[in-house]
4 protein chains.
Amino acid sequence: MIEVSIFGAAGLTGRELLTWLRHHPSARPVFLTSDQHAGRSVAQVFPELSEYNNLHFSRHEDTPPTGSLVFLATPNQTSMDLAPALLERGHKVIDLSGAFRIPEQPLFERFYGIEHTCFSLVSEAVYGMPELFREQIRNAQFISNPGCYPTGSIIPLHFLKEAGGRIRQVIVDAKSGVSGAGGRTEDAGFAFQNVYENFRAYKVLKHQHTPEIQIYGADGPRFQSPDEAKNTPILVFTPHLLPIYRGILSTIFVEWEESPSSDPATSLKGRSTSEPFVRYLESPEAVELKKTQHTNFVDFSARSMGHITMIVSAIDNLVKGAAGQAIQNMNLMEGLPETEGLLARTEVMAH
Amino acid sequence: MIEVSIFGAAGLTGRELLTWLRHHPSARPVFLTSDQHAGRSVAQVFPELSEYNNLHFSRHEDTPPTGSLVFLATPNQTSMDLAPALLERGHKVIDLSGAFRIPEQPLFERFYGIEHTCFSLVSEAVYGMPELFREQIRNAQFISNPGCYPTGSIIPLHFLKEAGGRIRQVIVDAKSGVSGAGGRTEDAGFAFQNVYENFRAYKVLKHQHTPEIQIYGADGPRFQSPDEAKNTPILVFTPHLLPIYRGILSTIFVEWEESPSSDPATSLKGRSTSEPFVRYLESPEAVELKKTQHTNFVDFSARSMGHITMIVSAIDNLVKGAAGQAIQNMNLMEGLPETEGLLARTEVMAH
Amino acid sequence: MIEVSIFGAAGLTGRELLTWLRHHPSARPVFLTSDQHAGRSVAQVFPELSEYNNLHFSRHEDTPPTGSLVFLATPNQTSMDLAPALLERGHKVIDLSGAFRIPEQPLFERFYGIEHTCFSLVSEAVYGMPELFREQIRNAQFISNPGCYPTGSIIPLHFLKEAGGRIRQVIVDAKSGVSGAGGRTEDAGFAFQNVYENFRAYKVLKHQHTPEIQIYGADGPRFQSPDEAKNTPILVFTPHLLPIYRGILSTIFVEWEESPSSDPATSLKGRSTSEPFVRYLESPEAVELKKTQHTNFVDFSARSMGHITMIVSAIDNLVKGAAGQAIQNMNLMEGLPETEGLLARTEVMAH
Amino acid sequence: MIEVSIFGAAGLTGRELLTWLRHHPSARPVFLTSDQHAGRSVAQVFPELSEYNNLHFSRHEDTPPTGSLVFLATPNQTSMDLAPALLERGHKVIDLSGAFRIPEQPLFERFYGIEHTCFSLVSEAVYGMPELFREQIRNAQFISNPGCYPTGSIIPLHFLKEAGGRIRQVIVDAKSGVSGAGGRTEDAGFAFQNVYENFRAYKVLKHQHTPEIQIYGADGPRFQSPDEAKNTPILVFTPHLLPIYRGILSTIFVEWEESPSSDPATSLKGRSTSEPFVRYLESPEAVELKKTQHTNFVDFSARSMGHITMIVSAIDNLVKGAAGQAIQNMNLMEGLPETEGLLARTEVMAH
């Protein structure tokens with residue numbers, strides 16, 4: 001039984017980790033932190049998880065059990081503060097923040113608006129997207145778990161590149177429920193009366209997930225500014241806030257410089273069959289949030305017209321976009337079946 | 001053209017007054033206050049009302065134009081602070097707060113949790129429910145506009161008493177959208193993720209609207225505590241928070257001590273026909289919020305079984321439960337047709 | 001490993017059974033029926049359950065594997081059609097319809113509006129509420145699983161009776177999300193535009209769950225009509241439709257003929273501690289749907305004033321109100337820990 | 001007083017016309033049709049409009065009063081059936097269907113999927129968008145009122161062209177509430193449980209509003225197929241279904257072939273000031289549905305990066321996207337102030 005420590009376990013992502021780990025046959029949480037709720041039990045904070053009746057929240061400064069695998073479900077700054085010592089103490093660490101995703105320090109600092117205090121660790125982190133880096137993840141000690149918006153975009157874009165051709169430009173128009181948009185409950189922008197029966201774009205052309213999609217999805221060389229990116233596919237990313245709780249649907253417009261040699265839809269479909277959590281659906285209209293909510297699947301489908309290929313993709317931002325993908329990474333790091341705890345026991349695929 | 005001043009015009013109720021006054025043929029707002037938005041124009045604060053492009057918010061301490069009718073869409077304490085001087089200066093005043101609704105000072109102070117600083121004015125205020133006090137309103141200088149929950153309950157309960165019989169007990173189980181539940185946008189309890197896909201009771205047996213319903217609906221003598229109310233019909237009131245924006249539906253269980261002489265449904269229906277804003281519907285199942293939203297109507301219907309008569313009533317808490325009823329009172333006070341500005345012009349009934 | 005057959009597995013309740021059984025360590029579905037989807041795989045019908053990639057829907061007329069435990073997640077008539085032969089073939093049967101809940105045939109036929117075609121079986125069915133009939137369930141071959149509305153009301157009402165006293169009248173004002181209100185997707189009353197930003201009562205004083213609550217909650221003798229019920233506690237029940245998907249909150253007003261000897265709240269709290277799926281919360285305001293959604297818990301709390309005790313209770317209608325309670329019954333019938341598959345593995349309580 | 005006839009007055013658009021006309025000082029409805037509700041009063045069908053207590057629905061085959069201005073709030077086929085005779089009888093006609101918007105018959109028939117039975121009338125219809133064709137509308141007898149999706153896109157795109165430059169490609173990613181997506185209440189796709197907590201694209205690259213946006217917004221020459229459009233700006237349009245009732249937000253990505261000489265944002269802002277119902281907001285993040293709901297405004301704002309200009313625009317699909325724009329057209333045709341009945345009386349701008 002793998003012992004798991006979760007820092008920031010009382011946040012949205014931490015709670016989702018706890019929810020999924022309830023059913024994981026080979027892992028169980030043994031240490032949780034929350035500065036806000038230190039001393040209280042899980043049941044006091046999350047009544048719907050009252051079965052964790054023996055677990056209490058510690059403080060971030062407390063020390064997790066030796067040998068436990070650590071999930072950092074913490075803000076960017078907290079992850080930078082905690083990761084170095086945890087790695088030093090020999091823990092396997094899966095960081096769910098954005099702190100270690102961007103391999104260019106100035107790019108990180110521009111988009112995240114904070115200074116990076118341990119940038120040398122970025123090169124030690126494996127980007128935790130099994131569909132791209134499965135083998136590296138198996139052998140990693142340190143995983144940087146992908147962002148929720150990037151996950152839904154990068155997977156289909158990466159698979160699309162196998163169709164050949166040359167991409168000129170990618171526009172990602174993404175729509176997220178409130179749990180993916182990062183609002184706090186005290187933020188008036190996330191008050192019921194400001195979200196319900198409403199819809200709006202936010203952080204237009206400025207969202208911190210933009211370079212992550214550019215690097216892993218549009219496959220551009222590392223760039224510092226849009227102007228420097230002249231010879232690489234342009235990536236335009238805009239998020240919107242949906243009046244729902246969970247799920248991200250991304251509408252992706254790929255413009256080809258040079259048409260792919262094979263049909264993009266056929267290519268995407270073929271590549272998806274070998275992945276346990278990727279489903280290619282029969283049409284873009286068939287892709288919807290309902291089908292992915294509370295699952296670790298990413299669904300997508302494509303349709304082309306002229307020099308444009310349009311992809312619609314859907315994920316549950318808290319699962320494949322955060323906690324589920326983190327557990328998938330844990331399974332790989334620990335030599336477990338990749339789907340364990342994420343699919344019905346009776347149907348677990350050994351990958 | 002009646003000139004109207006609105007204190008607290010940037011609140012939910014104030015905005016609703018502005019919305020309705022846009023279409024009132026005989027009244028127009030000339031002076032608005034908002035301490036938070038002083039100096040800004042209506043269009044800056046409420047883009048959907050940008051047609052009020054010449055009106056700016058003043059401060060509460062500023063003086064409204066002589067002769068203007070004043071709406072106080074302010075918190076209880078602010079209404080107590082402002083009303084005495086405004087009445088002194090000769091303004092007609094319609095107060096939409098709860099400050100002047102309860103004719104017993106200890107009862108007010110217990111339920112509202114604040115000290116009353118000008119209680120002598122309460123006896124000068126006419127309770128502004130035209131269905132009960134139409135003639136008194138016509139001649140009033142000072143109106144205490146009813147609360148939103150009480151409006152939906154008192155009107156059918158009051159009409160029911162005309163059926164005869166003697167009521168033993170009234171249970172009001174009321175459900176309100178967020179605009180009627182008084183939450184502020186910074187209140188975590190009103191965050192999207194805490195209201196959406198959720199439902200809960202609040203202020204159980206303690207809500208400040210309880211004595212108002214008891215006094216005007218259950219028609220009990222003035223009482224200070226539940227124990228003193230032994231010989232009057234007991235009133236039990238519980239509000240709930242609906243994951244919607246506007247509307248209050250009240251399910252009212254009337255238990256008879258002595259059966260009414262005439263059928264309650266027939267009696268309610270008959271009494272309703274003479275009222276411009278009361279509609280008796282064919283069945284309790286036909287009553288729904290949709291039919292009253294953005295209107296000044298109160299809808300209800302009753303069904304009896306044994307010694308119980310059950311009434312379902314619906315209003316728009318911002319209209320008949322606040323701004324609309326206030327305009328109805330203004331019309332009466334100013335000798336205008338009662339429905340002016342509240343119904344289609346071509347169909348206005350002269351009452 | 002217990003083999004499970006589910007008739008009507010493509011309905012809301014059937015899908016919920018499949019969802020929960022994914023994680024049950026000792027049971028797995030082997031046979032599913034759906035006349036509408038016969039021949040299709042689970043993954044085709046429920047993409048979010050695509051891990052059941054080897055299971056296909058059979059027809060109701062097909063025969064389930066010998067020895068499998070059968071869940072009937074079927075309409076009332078279908079359950080009456082199927083149950084006799086299944087019991088005859090030796091299956092343990094848990095029926096989730098209302099067909100076998102009411103022990104008086106005329107009462108059943110009046111409230112359900114259909115003729116009972118195998119009424120003799122009703123006396124063989126154990127009412128599947130472990131909090132009332134745990135021992136009988138352990139030894140039962142045939143379980144009639146309780147209705148969703150009754151579950152949230154009967155459990156606290158039954159516990160309350162242990163406080164002593166004599167109940168004069170019980171009013172249950174219940175509010176359910178659409179999944180508990182039985183609407184079909186083609187029913188205009190359940191169209192988005194008729195549910196969203198709306199609220200209404202339905203089947204006022206006529207809902208088929210009324211006698212079930214009367215019999216097991218208000219503990220009245222069997223009665224045929226309200227008039228015959230004169231000497232028993234009166235039960236008034238009214239359901240409402242919430243603009244949400246899952247959850248039922250019931251506001252229960254208990255009027256005492258004779259006051260209980262012990263404090264109702266204390267009594268309810270004490271009785272709840274020995275139950276794995278019952279939680280007594282510190283106040284009625286603390287009870288909310290969020291805390292019970294996707295769990296098998298029933299939460300409640302009480303407050304008294306004068307001769308009234310008010311209880312607010314919450315459940316997830318699809319879980320404790322249907323599939324979860326059915327699995328809890330299966331666990332008892334099969335000698336498994338009562339909470340297995342319904343709580344985190346690491347915390348399973350052996351009851 | 002202008003007399004108004006409305007065919008299809010019981011549909012969503014017809015009801016919205018009735019709602020707005022309640023407050024129009026110079027026009028009033030005198031004749032309404034609805035085949036479904038023929039013989040019933042407005043109050044019976046729309047309780048929230050019960051003030052129209054003397055108006056009853058006629059049948060489509062009935063004859064409207066001579067001289068009345070006719071709104072056709074009817075399906076495409078019904079508009080084609082009715083328009084010729086009404087024009088012949090001398091009525092001014094404003095058609096809110098799509099039947100007369102597309103000036104190329106094959107293009108119409110491909111996208112709408114029906115045969116055009118009176119195509120010669122298309123050339124007599126003025127496209128009723130005052131921001132583009134104000135003078136032609138003043139003198140028109142026959143108006144083809146724009147579609148809801150096109151309205152929110154064409155206005156900013158048209159204004160943008162005044163910035164100069166040459167557009168290479170336009171991608172419109174639009175999101176609509178259910179009232180703009182054309183679903184019927186019996187359609188399972190519009191059931192509460194299929195819309196709520198969900199989001200999806202529909203009619204991807206196939207929506208019938210595509211050519212309308214292409215013709216008036218992207219300003220391409222008339223084209224029959226994407227391939228024939230090679231030398232004109234490409235228009236890609238995709239609608240999505242929001243889990244809300246009203247409003248369309250469009251995210252528009254304009255790619256420049258040749259950069260505009262002046263700053264697009266400045267140009268858009270300048271052009272908007274002279275329009276009574278167009279508001280240029282300070283940032284794309286400031287544009288949201290809430291600000292336009294229940295108003296006739298179109299709001300937008302733009303931000304540029306490299307060769308891309310991104311515009312976010314919002315309208316109320318039932319108002320500026322349908323009934324409000326139709327009344328705006330009526331005002332122009334009848335020589336009334338353009339904003340009459342659509343803005344507060346006291347602030348009406350004479351345009």
# chains A, B, ... in the order shown; residues from 1 in each chain; ligands from 1
>>> interface_residues(of="chain D", to="chain B", cutoff="9 Å", atoms="only C-alpha atoms", output="PyMOL selection string")
chain D and resi 19+21-25+28+46-54+290-295+297+341+343-348
>>> residues_around(residues="Thr251 (chain A)", least_positions_apart="3", cutoff="9 Å", atoms="only C-alpha atoms", output="PyMOL selection string")
(chain A and resi 153+171-175+310-313) or (chain D and resi 173+201+238)
>>> residues_around(residues="Phe119 (chain B)", least_positions_apart="2", cutoff="9 Å", atoms="only C-alpha atoms", output="list of chain:residue names")
B:Met80, B:Ala99, B:Phe100, B:Pro103, B:Glu104, B:Gln105, B:His116, B:Thr117, B:Leu121, B:Val122, B:Ser123
>>> select_by_dssp(residues="region 146-196 of chain B", states="alpha helix (DSSP H)", output="list of chain:residue names")
B:Cys148, B:Tyr149, B:Pro150, B:Thr151, B:Gly152, B:Ser153, B:Ile154, B:Ile155, B:Pro156, B:Leu157, B:His158, B:Phe159, B:Leu160, B:Lys161, B:Phe192, B:Gln193, B:Asn194, B:Val195
>>> write_last_selection(atoms="N, CA and C atoms", output="short mmCIF file (atom, residue, chain, number, x, y, z; two decimals), in the first residue's frame")
data_model
loop_
_atom_site.label_atom_id
_atom_site.label_comp_id
_atom_site.auth_asym_id
_atom_site.auth_seq_id
_atom_site.Cartn_x
_atom_site.Cartn_y
_atom_site.Cartn_z
N CYS B 148 -40.27 41.25 1.67
CA CYS B 148 -40.54 40.37 0.53
C CYS B 148 -41.21 39.07 0.97
N TYR B 149 -40.66 38.40 1.98
CA TYR B 149 -41.32 37.18 2.44
C TYR B 149 -42.74 37.47 2.93
N PRO B 150 -42.94 38.47 3.78
CA PRO B 150 -44.30 38.72 4.27
C PRO B 150 -45.31 38.99 3.15
N THR B 151 -44.91 39.70 2.11
CA THR B 151 -45.87 40.03 1.07
C THR B 151 -46.53 38.79 0.48
N GLY B 152 -45.71 37.78 0.17
CA GLY B 152 -46.26 36.57 -0.45
C GLY B 152 -47.13 35.75 0.49
N SER B 153 -46.96 35.96 1.79
CA SER B 153 -47.74 35.19 2.76
C SER B 153 -48.95 35.95 3.28
N ILE B 154 -48.74 37.23 3.57
CA ILE B 154 -49.80 38.00 4.22
C ILE B 154 -51.02 38.15 3.31
N ILE B 155 -50.79 38.42 2.04
CA ILE B 155 -51.94 38.67 1.16
C ILE B 155 -52.88 37.47 1.12
N PRO B 156 -52.41 36.25 0.80
CA PRO B 156 -53.37 35.14 0.83
C PRO B 156 -53.91 34.85 2.23
N LEU B 157 -53.09 34.98 3.27
CA LEU B 157 -53.59 34.70 4.62
C LEU B 157 -54.67 35.70 5.02
N HIS B 158 -54.45 36.95 4.67
CA HIS B 158 -55.43 37.97 5.01
C HIS B 158 -56.76 37.71 4.28
N PHE B 159 -56.66 37.37 3.01
CA PHE B 159 -57.88 37.09 2.24
C PHE B 159 -58.59 35.86 2.82
N LEU B 160 -57.80 34.90 3.26
CA LEU B 160 -58.36 33.66 3.77
C LEU B 160 -59.24 33.91 4.99
N LYS B 161 -58.86 34.91 5.77
CA LYS B 161 -59.62 35.16 7.00
C LYS B 161 -61.05 35.56 6.69
N PHE B 192 -20.84 31.31 -6.00
CA PHE B 192 -21.48 30.42 -6.96
C PHE B 192 -21.38 28.97 -6.51
N GLN B 193 -20.19 28.56 -6.11
CA GLN B 193 -20.02 27.14 -5.78
C GLN B 193 -20.73 26.71 -4.51
N ASN B 194 -21.21 27.67 -3.72
CA ASN B 194 -21.96 27.31 -2.51
C ASN B 194 -23.47 27.43 -2.67
N VAL B 195 -23.91 27.98 -3.76
CA VAL B 195 -25.35 28.14 -3.99
C VAL B 195 -25.82 27.18 -5.09
#
>>> atom_distance(atom1="CA of Thr66 (chain A)", atom2="CA of Ile143 (chain A)")
18.4 Å
>>> residues_around(residues="Val298 (chain A)", least_positions_apart="2", cutoff="6 Å", atoms="only C-alpha atoms", output="PyMOL selection string")
chain A and resi 278+314-315
>>> write_last_selection(atoms="C-alpha atoms", output="mmCIF file, in the first residue's frame")
data_model
loop_
_atom_site.group_PDB
_atom_site.id
_atom_site.type_symbol
_atom_site.label_atom_id
_atom_site.label_comp_id
_atom_site.auth_asym_id
_atom_site.auth_seq_id
_atom_site.Cartn_x
_atom_site.Cartn_y
_atom_site.Cartn_z
ATOM 1 C CA VAL A 278 -8.261 9.345 -24.563
ATOM 2 C CA ALA A 314 -13.542 18.153 -23.233
ATOM 3 C CA ILE A 315 -12.135 17.188 -19.861
#
>>> residues_around(residues="region 39-45 of chain A", least_positions_apart="6", cutoff="6 Å", atoms="only C-alpha atoms", output="list in words")
Asn53, Leu55, His56 and Phe57 of chain A
>>> write_last_selection(atoms="N, CA and C atoms", output="PDB file, in the first residue's frame")
ATOM      1  N   ASN A  53     -12.376   9.396   8.799  1.00  0.00           N
ATOM      2  CA  ASN A  53     -12.637   9.920  10.134  1.00  0.00           C
ATOM      3  C   ASN A  53     -11.420   9.941  11.048  1.00  0.00           C
ATOM      4  N   LEU A  55      -8.308  11.039   9.868  1.00  0.00           N
ATOM      5  CA  LEU A  55      -7.276  11.909   9.302  1.00  0.00           C
ATOM      6  C   LEU A  55      -7.516  13.361   9.707  1.00  0.00           C
ATOM      7  N   HIS A  56      -6.465  14.027  10.171  1.00  0.00           N
ATOM      8  CA  HIS A  56      -6.559  15.438  10.518  1.00  0.00           C
ATOM      9  C   HIS A  56      -5.570  16.247   9.681  1.00  0.00           C
ATOM     10  N   PHE A  57      -5.894  17.521   9.513  1.00  0.00           N
ATOM     11  CA  PHE A  57      -4.998  18.380   8.743  1.00  0.00           C
ATOM     12  C   PHE A  57      -3.831  18.851   9.608  1.00  0.00           C
TER      13      PHE A  57
END
>>> atom_distance(atom1="CA of Met330 (chain B)", atom2="CA of Leu86 (chain B)")
16.1 Å
>>> atom_distance(atom1="CA of Gly98 (chain C)", atom2="CA of Phe253 (chain C)")
25.0 Å
